[in-house]
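The data block below is protein14.csv; it holds CSV, C-alpha atoms and all ligand atoms.
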```csv
chain,number,residue,atom,x,y,z
J,29,MET,CA,-7.9,-115.5,-16.2
J,30,ARG,CA,-9.0,-113.0,-13.7
J,31,TRP,CA,-5.9,-110.9,-14.0
J,32,GLY,CA,-5.9,-111.3,-17.8
J,33,SER,CA,-9.4,-109.8,-17.9
J,34,THR,CA,-8.4,-106.9,-15.6
J,35,CYS,CA,-5.4,-106.2,-17.8
J,36,GLY,CA,-7.5,-106.3,-20.9
J,37,ARG,CA,-9.8,-103.7,-19.4
J,38,MET,CA,-6.9,-101.5,-18.4
J,39,VAL,CA,-5.7,-101.5,-22.0
J,40,ALA,CA,-9.2,-100.5,-23.0
J,41,ALA,CA,-9.2,-97.7,-20.4
J,42,ALA,CA,-5.9,-96.4,-21.8
J,43,ALA,CA,-7.5,-96.4,-25.2
J,44,GLY,CA,-10.4,-94.7,-23.5
J,45,ILE,CA,-10.7,-91.6,-25.6
J,46,ALA,CA,-11.3,-93.5,-28.8
J,47,VAL,CA,-13.6,-96.0,-27.1
J,48,LEU,CA,-15.7,-93.4,-25.3
J,49,THR,CA,-16.5,-91.5,-28.4
J,50,LEU,CA,-18.0,-94.8,-29.7
J,51,GLY,CA,-20.9,-94.3,-27.4
J,52,GLY,CA,-19.5,-94.8,-23.9
J,53,SER,CA,-19.0,-98.6,-23.9
J,54,TYR,CA,-15.8,-100.4,-23.9
J,55,ALA,CA,-15.0,-102.1,-27.2
J,56,VAL,CA,-13.5,-105.2,-25.5
J,57,ALA,CA,-14.4,-108.7,-26.5
J,58,GLU,CA,-15.2,-110.2,-23.1
J,59,THR,CA,-16.7,-113.6,-22.3
J,60,PRO,CA,-19.4,-113.8,-19.7
J,61,VAL,CA,-17.0,-115.7,-17.4
J,62,GLU,CA,-14.4,-112.9,-17.7
J,63,ARG,CA,-17.1,-110.2,-17.0
J,64,GLY,CA,-18.3,-112.3,-14.0
J,65,ALA,CA,-14.7,-112.8,-12.7
J,66,TYR,CA,-14.2,-109.0,-12.9
J,67,LEU,CA,-17.4,-108.1,-11.1
J,68,VAL,CA,-17.0,-110.8,-8.3
J,69,THR,CA,-13.4,-110.1,-7.6
J,70,THR,CA,-13.4,-106.3,-7.7
J,71,ILE,CA,-16.3,-104.1,-7.0
J,72,GLY,CA,-18.6,-107.0,-5.9
J,73,SER,CA,-16.2,-108.1,-3.2
J,74,CYS,CA,-18.3,-111.3,-2.7
J,75,GLY,CA,-15.2,-112.8,-1.0
J,76,ASN,CA,-15.5,-110.2,1.8
J,77,CYS,CA,-18.3,-112.4,3.2
J,78,HIS,CA,-17.8,-115.7,1.4
J,79,SER,CA,-14.1,-116.5,1.9
J,80,PRO,CA,-12.3,-117.8,5.0
J,81,ARG,CA,-9.7,-115.4,6.6
J,82,ASP,CA,-6.5,-115.9,8.6
J,83,ALA,CA,-6.0,-114.2,12.0
J,84,GLY,CA,-4.9,-110.9,10.3
J,85,GLY,CA,-8.1,-110.7,8.3
J,86,HIS,CA,-6.4,-111.8,5.0
J,87,ILE,CA,-8.2,-114.2,2.7
J,88,VAL,CA,-6.5,-117.6,2.8
J,89,PRO,CA,-5.2,-118.2,-0.8
J,90,GLY,CA,-6.9,-121.2,-2.6
J,91,THR,CA,-10.0,-121.0,-0.4
J,92,GLU,CA,-11.7,-118.0,-2.1
J,93,LEU,CA,-15.5,-118.2,-2.0
J,94,SER,CA,-15.5,-121.5,-0.1
J,95,GLY,CA,-17.4,-120.0,2.9
J,96,GLY,CA,-16.9,-120.0,6.6
J,97,PHE,CA,-16.2,-116.4,7.4
J,98,ALA,CA,-18.4,-115.9,10.5
J,99,PHE,CA,-19.4,-112.9,12.5
J,100,GLU,CA,-21.9,-111.6,15.1
J,101,ASP,CA,-24.4,-109.1,13.6
J,102,ASP,CA,-27.7,-107.5,14.6
J,103,VAL,CA,-29.5,-110.2,12.5
J,104,GLY,CA,-27.8,-113.1,14.3
J,105,HIS,CA,-24.7,-115.3,14.0
J,106,VAL,CA,-23.8,-114.9,10.3
J,107,VAL,CA,-21.8,-117.5,8.3
J,108,GLY,CA,-21.0,-116.9,4.6
J,109,PRO,CA,-21.9,-120.1,2.6
J,110,ASN,CA,-19.6,-122.0,0.3
J,111,ILE,CA,-20.5,-120.7,-3.2
J,112,THR,CA,-17.9,-122.7,-5.2
J,113,PRO,CA,-19.5,-125.5,-7.3
J,114,ASP,CA,-18.6,-128.3,-4.9
J,115,LEU,CA,-21.4,-130.9,-5.2
J,116,GLY,CA,-21.8,-131.7,-1.5
J,117,THR,CA,-20.7,-128.6,0.4
J,118,GLY,CA,-21.2,-125.7,-2.2
J,119,ILE,CA,-23.7,-124.9,-4.9
J,120,GLY,CA,-22.5,-127.4,-7.5
J,121,THR,CA,-26.0,-128.7,-8.2
J,122,TRP,CA,-27.4,-125.2,-9.0
J,123,THR,CA,-27.9,-124.2,-12.6
J,124,GLU,CA,-27.0,-120.8,-14.0
J,125,ALA,CA,-30.7,-119.8,-13.9
J,126,GLN,CA,-31.0,-120.9,-10.3
J,127,ILE,CA,-28.0,-118.8,-9.3
J,128,VAL,CA,-29.5,-115.8,-11.0
J,129,THR,CA,-32.8,-116.4,-9.1
J,130,ALA,CA,-30.8,-116.6,-5.8
J,131,MET,CA,-29.0,-113.3,-6.6
J,132,ARG,CA,-32.0,-111.3,-7.7
J,133,ASP,CA,-34.9,-112.8,-5.7
J,134,GLY,CA,-33.0,-114.3,-2.7
J,135,ARG,CA,-34.6,-117.6,-3.4
J,136,ARG,CA,-32.6,-120.9,-3.3
J,137,PRO,CA,-33.6,-123.8,-5.6
J,138,ASP,CA,-35.4,-125.5,-2.6
J,139,GLY,CA,-37.6,-122.4,-2.2
J,140,THR,CA,-36.0,-121.1,1.1
J,141,LEU,CA,-35.1,-117.4,1.4
J,142,ILE,CA,-31.5,-116.2,1.6
J,143,GLY,CA,-31.3,-113.8,4.5
J,144,PRO,CA,-29.2,-110.6,5.2
J,145,PRO,CA,-26.5,-109.4,5.1
J,146,MET,CA,-26.4,-111.1,1.6
J,147,PRO,CA,-27.2,-107.8,-0.3
J,148,ILE,CA,-30.2,-109.1,-2.4
J,149,SER,CA,-31.8,-105.6,-2.4
J,150,VAL,CA,-28.9,-104.2,-4.4
J,151,TYR,CA,-28.4,-107.3,-6.6
J,152,ARG,CA,-31.9,-106.8,-7.8
J,153,HIS,CA,-30.6,-103.9,-9.9
J,154,LEU,CA,-27.9,-106.0,-11.7
J,155,SER,CA,-28.4,-106.0,-15.4
J,156,ASP,CA,-29.4,-109.3,-17.2
J,157,THR,CA,-25.9,-109.6,-18.7
J,158,ASP,CA,-24.0,-108.9,-15.4
J,159,VAL,CA,-26.1,-111.2,-13.2
J,160,THR,CA,-25.8,-114.0,-15.8
J,161,ALA,CA,-22.0,-113.4,-16.0
J,162,ILE,CA,-21.7,-113.7,-12.3
J,163,ALA,CA,-23.5,-117.0,-12.3
J,164,ALA,CA,-21.4,-118.3,-15.2
J,165,TYR,CA,-18.2,-117.3,-13.3
J,166,LEU,CA,-19.3,-119.1,-10.1
J,167,ARG,CA,-20.0,-122.2,-12.1
J,168,SER,CA,-16.6,-122.0,-13.7
J,169,LEU,CA,-14.7,-122.0,-10.4
J,170,LYS,CA,-12.7,-124.9,-9.1
J,171,PRO,CA,-14.9,-126.7,-6.5
J,172,VAL,CA,-13.6,-126.4,-3.0
J,173,ARG,CA,-14.7,-129.0,-0.5
J,174,HIS,CA,-15.5,-127.1,2.7
J,175,THR,CA,-18.5,-127.7,5.0
J,176,VAL,CA,-19.7,-124.6,6.8
J,177,ALA,CA,-22.4,-124.0,9.4
J,178,ARG,CA,-25.6,-122.2,8.5
J,179,THR,CA,-26.4,-118.6,9.6
J,180,GLN,CA,-28.5,-118.6,12.9
J,181,TYR,CA,-31.0,-115.7,12.6
J,182,LYS,CA,-32.5,-114.1,15.6
J,183,ILE,CA,-34.8,-112.0,13.5
J,184,PRO,CA,-37.7,-113.2,11.3
J,185,LEU,CA,-36.8,-113.2,7.6
J,186,PRO,CA,-39.2,-111.4,5.2
J,187,PRO,CA,-41.5,-113.6,3.1
J,188,SER,CA,-39.8,-112.3,-0.1
J,189,TYR,CA,-37.7,-109.4,-1.5
J,190,GLY,CA,-40.6,-108.4,-3.9
J,191,PRO,CA,-41.9,-109.8,-7.2
J,192,PRO,CA,-39.4,-111.8,-9.2
J,193,VAL,CA,-37.0,-109.7,-11.2
J,194,THR,CA,-37.3,-110.6,-14.9
J,195,HIS,CA,-35.4,-107.9,-16.7
J,196,VAL,CA,-32.9,-105.1,-15.9
J,197,ASP,CA,-31.5,-102.9,-18.7
J,198,GLU,CA,-27.8,-102.8,-19.5
J,199,PRO,CA,-26.1,-99.8,-18.1
J,200,VAL,CA,-24.0,-97.7,-20.5
J,201,ARG,CA,-20.4,-98.3,-19.4
J,202,GLY,CA,-18.2,-95.3,-19.1
J,203,GLU,CA,-16.7,-92.7,-16.8
J,204,THR,CA,-20.0,-91.2,-15.9
J,205,VAL,CA,-22.0,-90.5,-12.7
J,206,ALA,CA,-24.7,-92.9,-13.9
J,207,TYR,CA,-22.3,-95.9,-14.4
J,208,GLY,CA,-20.5,-95.0,-11.2
J,209,GLY,CA,-23.8,-95.2,-9.4
J,210,TYR,CA,-24.5,-98.6,-10.9
J,211,LEU,CA,-21.1,-99.8,-9.7
J,212,ALA,CA,-21.4,-98.3,-6.3
J,213,ASN,CA,-24.8,-99.9,-5.9
J,214,PHE,CA,-23.4,-103.3,-6.8
J,215,GLY,CA,-20.5,-102.6,-4.4
J,216,HIS,CA,-23.1,-101.9,-1.7
J,217,CYS,CA,-21.2,-99.0,-0.2
J,218,VAL,CA,-24.6,-97.6,1.1
J,219,LEU,CA,-25.3,-100.8,3.1
J,220,CYS,CA,-22.2,-100.5,5.1
J,221,HIS,CA,-22.1,-96.7,5.2
J,222,THR,CA,-25.7,-96.1,6.4
J,223,ALA,CA,-26.8,-96.5,10.0
J,224,PRO,CA,-30.1,-97.9,11.3
J,225,GLY,CA,-32.7,-95.3,12.4
J,226,GLY,CA,-36.3,-94.3,12.4
J,227,GLY,CA,-37.3,-97.9,13.1
J,228,GLN,CA,-35.6,-99.0,9.8
J,229,PRO,CA,-32.5,-101.2,9.5
J,230,PHE,CA,-31.2,-98.4,7.1
J,231,ASP,CA,-32.1,-94.7,7.7
J,232,MET,CA,-31.9,-93.6,4.0
J,233,THR,CA,-32.3,-90.0,5.0
J,234,LYS,CA,-28.8,-90.4,6.3
J,235,ALA,CA,-27.5,-92.5,3.4
J,236,PHE,CA,-23.7,-92.7,3.2
J,237,ALA,CA,-23.3,-90.7,6.4
J,238,GLY,CA,-21.7,-93.7,8.2
J,239,GLY,CA,-22.2,-94.6,11.9
J,240,ARG,CA,-23.1,-98.2,11.3
J,241,ASP,CA,-21.5,-100.8,13.7
J,242,LEU,CA,-19.8,-103.5,11.6
J,243,PRO,CA,-17.8,-106.6,12.5
J,244,ASP,CA,-14.0,-105.9,12.4
J,245,ALA,CA,-12.9,-108.5,9.9
J,246,SER,CA,-9.3,-108.4,11.3
J,247,LYS,CA,-10.3,-109.6,14.8
J,248,PRO,CA,-10.8,-113.2,15.8
J,249,ASN,CA,-14.5,-112.9,16.7
J,250,PRO,CA,-15.8,-110.2,14.4
J,251,GLY,CA,-18.9,-108.3,15.8
J,252,THR,CA,-18.3,-109.2,19.4
J,253,PRO,CA,-17.4,-106.4,21.9
J,254,GLY,CA,-14.0,-105.0,21.0
J,255,ALA,CA,-14.2,-106.4,17.5
J,256,VAL,CA,-16.6,-103.8,16.1
J,257,VAL,CA,-15.7,-101.0,13.7
J,258,ILE,CA,-17.9,-98.0,12.9
J,259,SER,CA,-18.3,-97.0,9.2
J,260,ARG,CA,-17.4,-93.5,8.3
J,261,ASN,CA,-19.2,-90.6,6.7
J,262,ILE,CA,-18.5,-90.7,2.9
J,263,THR,CA,-20.9,-87.9,2.0
J,264,SER,CA,-19.5,-84.6,0.7
J,265,ASP,CA,-19.8,-83.0,4.2
J,266,PRO,CA,-16.6,-81.0,4.6
J,267,VAL,CA,-16.1,-81.7,8.2
J,268,GLN,CA,-17.5,-85.2,8.9
J,269,GLY,CA,-17.4,-86.5,5.4
J,270,ILE,CA,-14.9,-86.5,2.5
J,271,GLY,CA,-15.9,-83.1,1.1
J,272,THR,CA,-12.4,-81.6,1.4
J,273,TRP,CA,-10.5,-84.7,0.2
J,274,THR,CA,-9.0,-84.6,-3.3
J,275,ASP,CA,-10.1,-87.3,-5.8
J,276,ALA,CA,-6.6,-88.9,-5.4
J,277,GLN,CA,-7.1,-89.1,-1.6
J,278,VAL,CA,-10.6,-90.6,-2.0
J,279,LYS,CA,-9.2,-93.2,-4.5
J,280,HIS,CA,-6.3,-94.0,-2.2
J,281,ALA,CA,-8.8,-94.8,0.7
J,282,ILE,CA,-10.9,-96.9,-1.6
J,283,VAL,CA,-8.2,-99.0,-3.1
J,284,ALA,CA,-5.4,-98.9,-0.5
J,285,GLY,CA,-7.4,-98.5,2.7
J,286,VAL,CA,-5.3,-95.4,3.8
J,287,ARG,CA,-6.8,-92.0,4.8
J,288,PRO,CA,-5.2,-88.7,3.9
J,289,ASP,CA,-3.7,-88.5,7.4
J,290,GLY,CA,-2.0,-91.8,6.8
J,291,THR,CA,-4.1,-93.9,9.2
J,292,LYS,CA,-5.3,-97.3,7.9
J,293,LEU,CA,-8.8,-98.6,7.4
J,294,VAL,CA,-9.7,-102.1,8.8
J,295,ARG,CA,-10.2,-104.9,6.3
J,296,THR,CA,-14.0,-104.8,6.7
J,297,MET,CA,-13.8,-102.0,4.1
J,298,PRO,CA,-13.3,-104.1,1.0
J,299,PHE,CA,-10.2,-102.2,-0.4
J,300,ASP,CA,-8.4,-105.5,-1.2
J,301,TRP,CA,-11.1,-106.1,-3.8
J,302,TYR,CA,-11.6,-102.5,-4.9
J,303,ALA,CA,-7.9,-102.3,-5.6
J,304,ARG,CA,-8.4,-104.5,-8.7
J,305,MET,CA,-11.0,-102.1,-10.3
J,306,THR,CA,-10.0,-100.6,-13.7
J,307,PRO,CA,-9.0,-97.0,-13.4
J,308,ALA,CA,-12.0,-96.1,-15.5
J,309,ASP,CA,-14.4,-97.8,-13.1
J,310,LEU,CA,-12.7,-96.2,-10.1
J,311,ASN,CA,-13.1,-92.8,-11.7
J,312,ALA,CA,-16.8,-93.5,-12.3
J,313,VAL,CA,-17.3,-94.5,-8.6
J,314,VAL,CA,-15.6,-91.3,-7.4
J,315,LEU,CA,-17.6,-89.2,-9.8
J,316,PHE,CA,-20.8,-90.7,-8.3
J,317,LEU,CA,-19.6,-90.3,-4.7
J,318,ARG,CA,-19.0,-86.6,-5.4
J,319,THR,CA,-22.7,-86.2,-6.1
J,320,VAL,CA,-23.8,-87.5,-2.6
J,321,PRO,CA,-25.0,-84.4,-0.8
J,322,PRO,CA,-23.5,-83.5,2.6
J,323,VAL,CA,-25.3,-85.2,5.5
J,324,LYS,CA,-24.2,-85.1,9.2
J,325,THR,CA,-23.2,-88.5,10.8
J,326,PRO,CA,-26.1,-89.7,13.0
U,1,LIG,C1,-22.2,-108.6,3.2
U,1,LIG,C2,-21.9,-110.1,3.1
U,1,LIG,C3,-22.2,-110.7,1.8
U,1,LIG,C4,-21.7,-110.3,0.5
U,1,LIG,C5,-21.0,-109.1,0.2
U,1,LIG,C6,-22.2,-111.3,-0.4
U,1,LIG,N1,-22.9,-112.3,0.2
U,1,LIG,FE1,-23.7,-113.9,-0.6
U,1,LIG,N2,-24.5,-114.5,1.2
U,1,LIG,C7,-24.1,-113.9,2.4
U,1,LIG,C8,-24.8,-114.7,3.5
U,1,LIG,C9,-24.7,-114.4,5.0
U,1,LIG,C10,-25.5,-115.7,2.9
U,1,LIG,C11,-26.3,-116.8,3.6
U,1,LIG,C12,-27.6,-116.2,4.1
U,1,LIG,C13,-28.5,-117.2,4.8
U,1,LIG,O1,-28.0,-118.1,5.4
U,1,LIG,O2,-29.7,-117.2,4.6
U,1,LIG,C14,-25.3,-115.6,1.4
U,1,LIG,C15,-25.8,-116.5,0.5
U,1,LIG,C16,-25.4,-116.5,-0.9
U,1,LIG,C17,-25.8,-117.5,-1.8
U,1,LIG,C18,-26.7,-118.7,-1.5
U,1,LIG,C19,-25.8,-119.8,-1.0
U,1,LIG,C20,-26.5,-120.9,-0.2
U,1,LIG,O3,-26.0,-122.0,-0.2
U,1,LIG,O4,-27.5,-120.7,0.4
U,1,LIG,C21,-25.2,-117.2,-3.0
U,1,LIG,C22,-25.3,-117.9,-4.3
U,1,LIG,C23,-24.5,-116.0,-2.8
U,1,LIG,N3,-24.6,-115.6,-1.5
U,1,LIG,C24,-23.7,-115.4,-3.8
U,1,LIG,C25,-23.0,-114.1,-3.6
U,1,LIG,C26,-22.3,-113.4,-4.6
U,1,LIG,C27,-22.1,-113.9,-6.0
U,1,LIG,C28,-21.9,-112.3,-4.1
U,1,LIG,C29,-21.1,-111.1,-4.7
U,1,LIG,C30,-21.7,-110.6,-6.0
U,1,LIG,C31,-22.3,-112.3,-2.7
U,1,LIG,N4,-23.0,-113.4,-2.4
U,1,LIG,C32,-21.9,-111.3,-1.8
U,1,LIG,C33,-23.4,-112.8,2.6
U,1,LIG,C34,-22.9,-112.0,1.6
U,2,LIG,C1,-18.5,-104.3,4.1
U,2,LIG,C2,-18.7,-102.9,4.5
U,2,LIG,C3,-18.2,-101.8,3.6
U,2,LIG,C4,-18.4,-101.6,2.3
U,2,LIG,C5,-19.2,-102.5,1.3
U,2,LIG,C6,-17.9,-100.4,1.9
U,2,LIG,N1,-17.3,-99.8,3.0
U,2,LIG,FE1,-16.2,-98.0,3.0
U,2,LIG,N2,-15.7,-98.4,5.0
U,2,LIG,C7,-16.2,-99.4,5.8
U,2,LIG,C8,-15.7,-99.2,7.1
U,2,LIG,C9,-16.0,-100.1,8.3
U,2,LIG,C10,-14.9,-98.0,7.1
U,2,LIG,C11,-14.1,-97.4,8.2
U,2,LIG,C12,-12.9,-98.3,8.5
U,2,LIG,C13,-12.1,-97.8,9.7
U,2,LIG,O1,-12.5,-96.9,10.4
U,2,LIG,O2,-11.0,-98.5,9.9
U,2,LIG,C14,-14.9,-97.5,5.7
U,2,LIG,C15,-14.2,-96.4,5.3
U,2,LIG,C16,-14.3,-95.8,4.0
U,2,LIG,C17,-13.7,-94.6,3.6
U,2,LIG,C18,-12.7,-93.8,4.4
U,2,LIG,C19,-13.5,-92.7,5.1
U,2,LIG,C20,-12.9,-92.2,6.4
U,2,LIG,O3,-13.2,-91.0,6.8
U,2,LIG,O4,-12.1,-92.8,7.0
U,2,LIG,C21,-14.1,-94.4,2.3
U,2,LIG,C22,-13.7,-93.2,1.4
U,2,LIG,C23,-15.0,-95.5,1.9
U,2,LIG,N3,-15.1,-96.3,3.0
U,2,LIG,C24,-15.6,-95.5,0.7
U,2,LIG,C25,-16.4,-96.6,0.3
U,2,LIG,C26,-17.0,-96.8,-1.0
U,2,LIG,C27,-16.9,-95.8,-2.1
U,2,LIG,C28,-17.6,-98.0,-1.0
U,2,LIG,C29,-18.3,-98.7,-2.2
U,2,LIG,C30,-17.6,-98.7,-3.4
U,2,LIG,C31,-17.4,-98.6,0.3
U,2,LIG,N4,-16.7,-97.7,1.1
U,2,LIG,C32,-17.9,-99.8,0.7
U,2,LIG,C33,-17.0,-100.4,5.4
U,2,LIG,C34,-17.5,-100.6,4.1
```
Starting from the file, give its structure as structure tokens.
Amino acid sequence: MRWGSTCGRMVAAAAGIAVLTLGGSYAVAETPVERGAYLVTTIGSCGNCHSPRDAGGHIVPGTELSGGFAFEDDVGHVVGPNITPDLGTGIGTWTEAQIVTAMRDGRRPDGTLIGPPMPISVYRHLSDTDVTAIAAYLRSLKPVRHTVARTQYKIPLPPSYGPPVTHVDEPVRGETVAYGGYLANFGHCVLCHTAPGGGQPFDMTKAFAGGRDLPDASKPNPGTPGAVVISRNITSDPVQGIGTWTDAQVKHAIVAGVRPDGTKLVRTMPFDWYARMTPADLNAVVLFLRTVPPVKTP
């Protein structure tokens, strides 16, 4: 179903000229589960934190989203929970509305707060249709029985992420900077590509300028000494960033994990998921990225 939906959207992209003149949205009949599947398995890259990996950092087939990927981080010992609808070990008892509340407000049905690095701050900007589609897709998955440990936080969690989100407008889909920005937000590029600083966990004056320590997902104990990777500057700075890269080179890094000089990116950068984006969505993300002003790496 996931591949079917991707192919459907590629056909839509090929027919893009006609479709775009119809107001910038894709004229594809798509069910909520198909939309959710696309978002989760491509730009959302939920499996980057929520799926178990083998020793090489590859996701173990058949275990997607069943939790257990664990790493050391500034916030503590992080473990991605099982988000398949298994009744005992996953989120099988959660309703669609409860999953939406978890995504937007970071609140579980029992009232407890979901902590970082679950990217609640960016999921608050998901449109009503998209967040509901993600919830519908999670509920449609085959339950995978897999008990995983809880995250052990060494920082206090905030009391909340802000007032409950009740409505977010639909973005106009198309190969535009605005829709690229919507997708890049959901893909939380900025959270991995921005370093802490100025007393804040993210120094937004240096947004996208890289320099953040991240767990190396291809190492046995990600986040421990020797198993850390530093994110790169993806602003348009010509020296430290990607300002001199061609669009084709930027796309190759995003979907294949290979830089213009041929070196490979570690699997912390979610290129395995981004590879399944439609060409139109990838174009939009790159259009947006090109608008990020040059900033030096901290
Ligand atoms: C950067 C890592 C990361 C990404 C990406 C991520 N999550 Fe999470 N998520 C977590 C962690 C860690 C927790 C548990 C936090 C805690 O223990 O408080 C969590 C918790 C959750 C929960 C609550 C589960 C429970 O039992 O408490 C849901 C639902 C969820 N994530 C869904 C998603 C979906 C859907 C996506 C993709 C759109 C996603 N997550 C992407 C790290 C991530
Ligand atoms: C989970 C963290 C994470 C997310 C999310 C993420 N990246 Fe990355 N990205 C990395 C890391 C880490 C590297 C460097 C990997 C290495 O050096 O092996 C990287 C490297 C890159 C590079 C290559 C830059 C260079 O000079 O080598 C590009 C381009 C890039 N990311 C773009 C993006 C875009 C666009 C997004 C959002 C759509 C994104 N990244 C989301 C972690 C992330």
At most 9 Å is the cut-off: for each residue in chain J with any atom that close to an atom of ligand LIG 2 (chain U), write down the nearest atom pair and the distance in Å rounded to one decimal, counting only C-alpha atoms and all ligand atoms, chain first then increasing number, as a Markdown table.
```
| residue | atom | partner | partner_atom | distance |
| --- | --- | --- | --- | --- |
| J:Ile71 | CA | U:LIG2 | C30 | 6.6 |
| J:Gly72 | CA | U:LIG2 | C5 | 8.5 |
| J:Ser73 | CA | U:LIG2 | C5 | 7.8 |
| J:Asn76 | CA | U:LIG2 | C1 | 7.0 |
| J:Cys77 | CA | U:LIG2 | C1 | 8.2 |
| J:Leu211 | CA | U:LIG2 | C30 | 7.3 |
| J:Ala212 | CA | U:LIG2 | C30 | 4.8 |
| J:Asn213 | CA | U:LIG2 | C29 | 7.6 |
| J:Phe214 | CA | U:LIG2 | C30 | 8.1 |
| J:Gly215 | CA | U:LIG2 | C30 | 5.0 |
| J:His216 | CA | U:LIG2 | C5 | 5.0 |
| J:Cys217 | CA | U:LIG2 | C32 | 3.5 |
| J:Val218 | CA | U:LIG2 | C32 | 7.1 |
| J:Leu219 | CA | U:LIG2 | C5 | 6.6 |
| J:Cys220 | CA | U:LIG2 | C2 | 4.3 |
| J:His221 | CA | U:LIG2 | N1 | 6.1 |
| J:Phe236 | CA | U:LIG2 | C25 | 8.8 |
| J:Gly238 | CA | U:LIG2 | C10 | 8.1 |
| J:Arg240 | CA | U:LIG2 | C9 | 7.9 |
| J:Asp241 | CA | U:LIG2 | C9 | 7.7 |
| J:Leu242 | CA | U:LIG2 | C9 | 6.1 |
| J:Pro243 | CA | U:LIG2 | C9 | 7.9 |
| J:Asp244 | CA | U:LIG2 | C9 | 7.4 |
| J:Val256 | CA | U:LIG2 | C9 | 8.7 |
| J:Val257 | CA | U:LIG2 | C9 | 5.5 |
| J:Ile258 | CA | U:LIG2 | C9 | 5.4 |
| J:Ser259 | CA | U:LIG2 | C9 | 4.0 |
| J:Arg260 | CA | U:LIG2 | C20 | 5.1 |
| J:Asn261 | CA | U:LIG2 | O3 | 6.0 |
| J:Ile262 | CA | U:LIG2 | C22 | 5.6 |
| J:Thr263 | CA | U:LIG2 | C22 | 9.0 |
| J:Gln268 | CA | U:LIG2 | O3 | 7.5 |
| J:Gly269 | CA | U:LIG2 | O3 | 6.3 |
| J:Ile270 | CA | U:LIG2 | O3 | 6.5 |
| J:Gln277 | CA | U:LIG2 | C22 | 8.3 |
| J:Val278 | CA | U:LIG2 | C22 | 5.3 |
| J:Lys279 | CA | U:LIG2 | C22 | 7.4 |
| J:His280 | CA | U:LIG2 | C22 | 8.3 |
| J:Ala281 | CA | U:LIG2 | C22 | 5.2 |
| J:Ile282 | CA | U:LIG2 | C24 | 5.4 |
| J:Gly285 | CA | U:LIG2 | C18 | 7.3 |
| J:Val286 | CA | U:LIG2 | C18 | 7.6 |
| J:Arg287 | CA | U:LIG2 | O4 | 5.8 |
| J:Pro288 | CA | U:LIG2 | O4 | 8.6 |
| J:Thr291 | CA | U:LIG2 | O2 | 8.3 |
| J:Lys292 | CA | U:LIG2 | O2 | 6.2 |
| J:Leu293 | CA | U:LIG2 | O2 | 3.3 |
| J:Val294 | CA | U:LIG2 | O2 | 4.0 |
| J:Arg295 | CA | U:LIG2 | O2 | 7.4 |
| J:Thr296 | CA | U:LIG2 | C1 | 5.2 |
| J:Met297 | CA | U:LIG2 | C33 | 3.8 |
| J:Pro298 | CA | U:LIG2 | C4 | 5.8 |
| J:Phe299 | CA | U:LIG2 | N4 | 8.0 |
| J:Tyr302 | CA | U:LIG2 | C30 | 7.3 |
| J:Leu310 | CA | U:LIG2 | C30 | 8.7 |
| J:Val313 | CA | U:LIG2 | C27 | 6.6 |
| J:Val314 | CA | U:LIG2 | C27 | 7.1 |
| J:Phe316 | CA | U:LIG2 | C27 | 8.9 |
| J:Leu317 | CA | U:LIG2 | C27 | 6.7 |
```
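Rounded to one decimal, CA of Ser149 (chain J) and CA of Leu67 (chain J) lie 17.0 Å from each other.
Closest approach to Val68 (chain J) among J:Gly96, J:Lys170, J:Gly108, J:Ala161: J:Ala161, based on all atoms listed in the file.
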7 Å shell around ligand LIG 1 (chain U) using only C-alpha atoms and all ligand atoms, listed as a PyMOL selection string: chain J and resi 68+72-78+106-111+118-119+127+130-131+136+141-147+162+178-179
Residue contacts of Leu154 (chain J) (8 Å, all atoms listed in the file) excluding same-chain residues fewer than 4 positions away, as a list in words: Arg132, Val150, Asp158, Val159, Val196 and Phe214 of chain J
Selection: 10 Å around Thr112 (chain J), only C-alpha atoms, excl. self and same-chain fewer than 5 positions, as a list in words: His78, Thr91, Glu92, Leu93, Ser94, Gly95, Thr117, Gly118, Ile119, Gly120, Tyr165, Leu166, Arg167, Ser168, Leu169, Lys170, Pro171, Val172, Arg173 and His174 of chain J
CA of Arg304 (chain J) to CA of Pro80 (chain J), straight-line distance in Å: 19.5 Å
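Nearest to Asp156 (chain J) of all the residues J:Ile183, J:Met305, J:Met232, J:Val193 is J:Val193, based on all atoms listed in the file.
Atom pair CA of Phe99 (chain J) / CA of Ala245 (chain J) has a distance of 8.3 Å (rounded to one decimal).
Minimum distance to Tyr189 (chain J) across J:Ile148, J:Ala163, J:Ala235, J:Ala276 (counting all atoms listed in the file) occurs at J:Ile148.
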Nearest residue to His105 (chain J) from the set J:Val128, J:Val88, J:Ala237, J:Ala177 (distances using only C-alpha atoms): J:Ala177
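Nearest to Gly225 (chain J) of all the residues J:Ser188, J:Gln180, J:Gly239, J:Gly139 is J:Gly239, based on all atoms listed in the file.
Minimum atom-to-atom distance to Gly116 (chain J), evaluated using all atoms listed in the file, belongs to J:Thr175 out of J:Ala223, J:Thr175, J:Ala308, J:Thr157.
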Just want the 7 Å neighbourhood of Val103 (chain J), counted on only C-alpha atoms, with same-chain residues fewer than 2 positions away dropped. Output as a CSV table (one decimal) with C-alpha atoms, in the frame of the given file.
```csv
chain,number,residue,atom,x,y,z
J,101,ASP,CA,-24.4,-109.1,13.6
J,181,TYR,CA,-31.0,-115.7,12.6
J,182,LYS,CA,-32.5,-114.1,15.6
J,183,ILE,CA,-34.8,-112.0,13.5
```
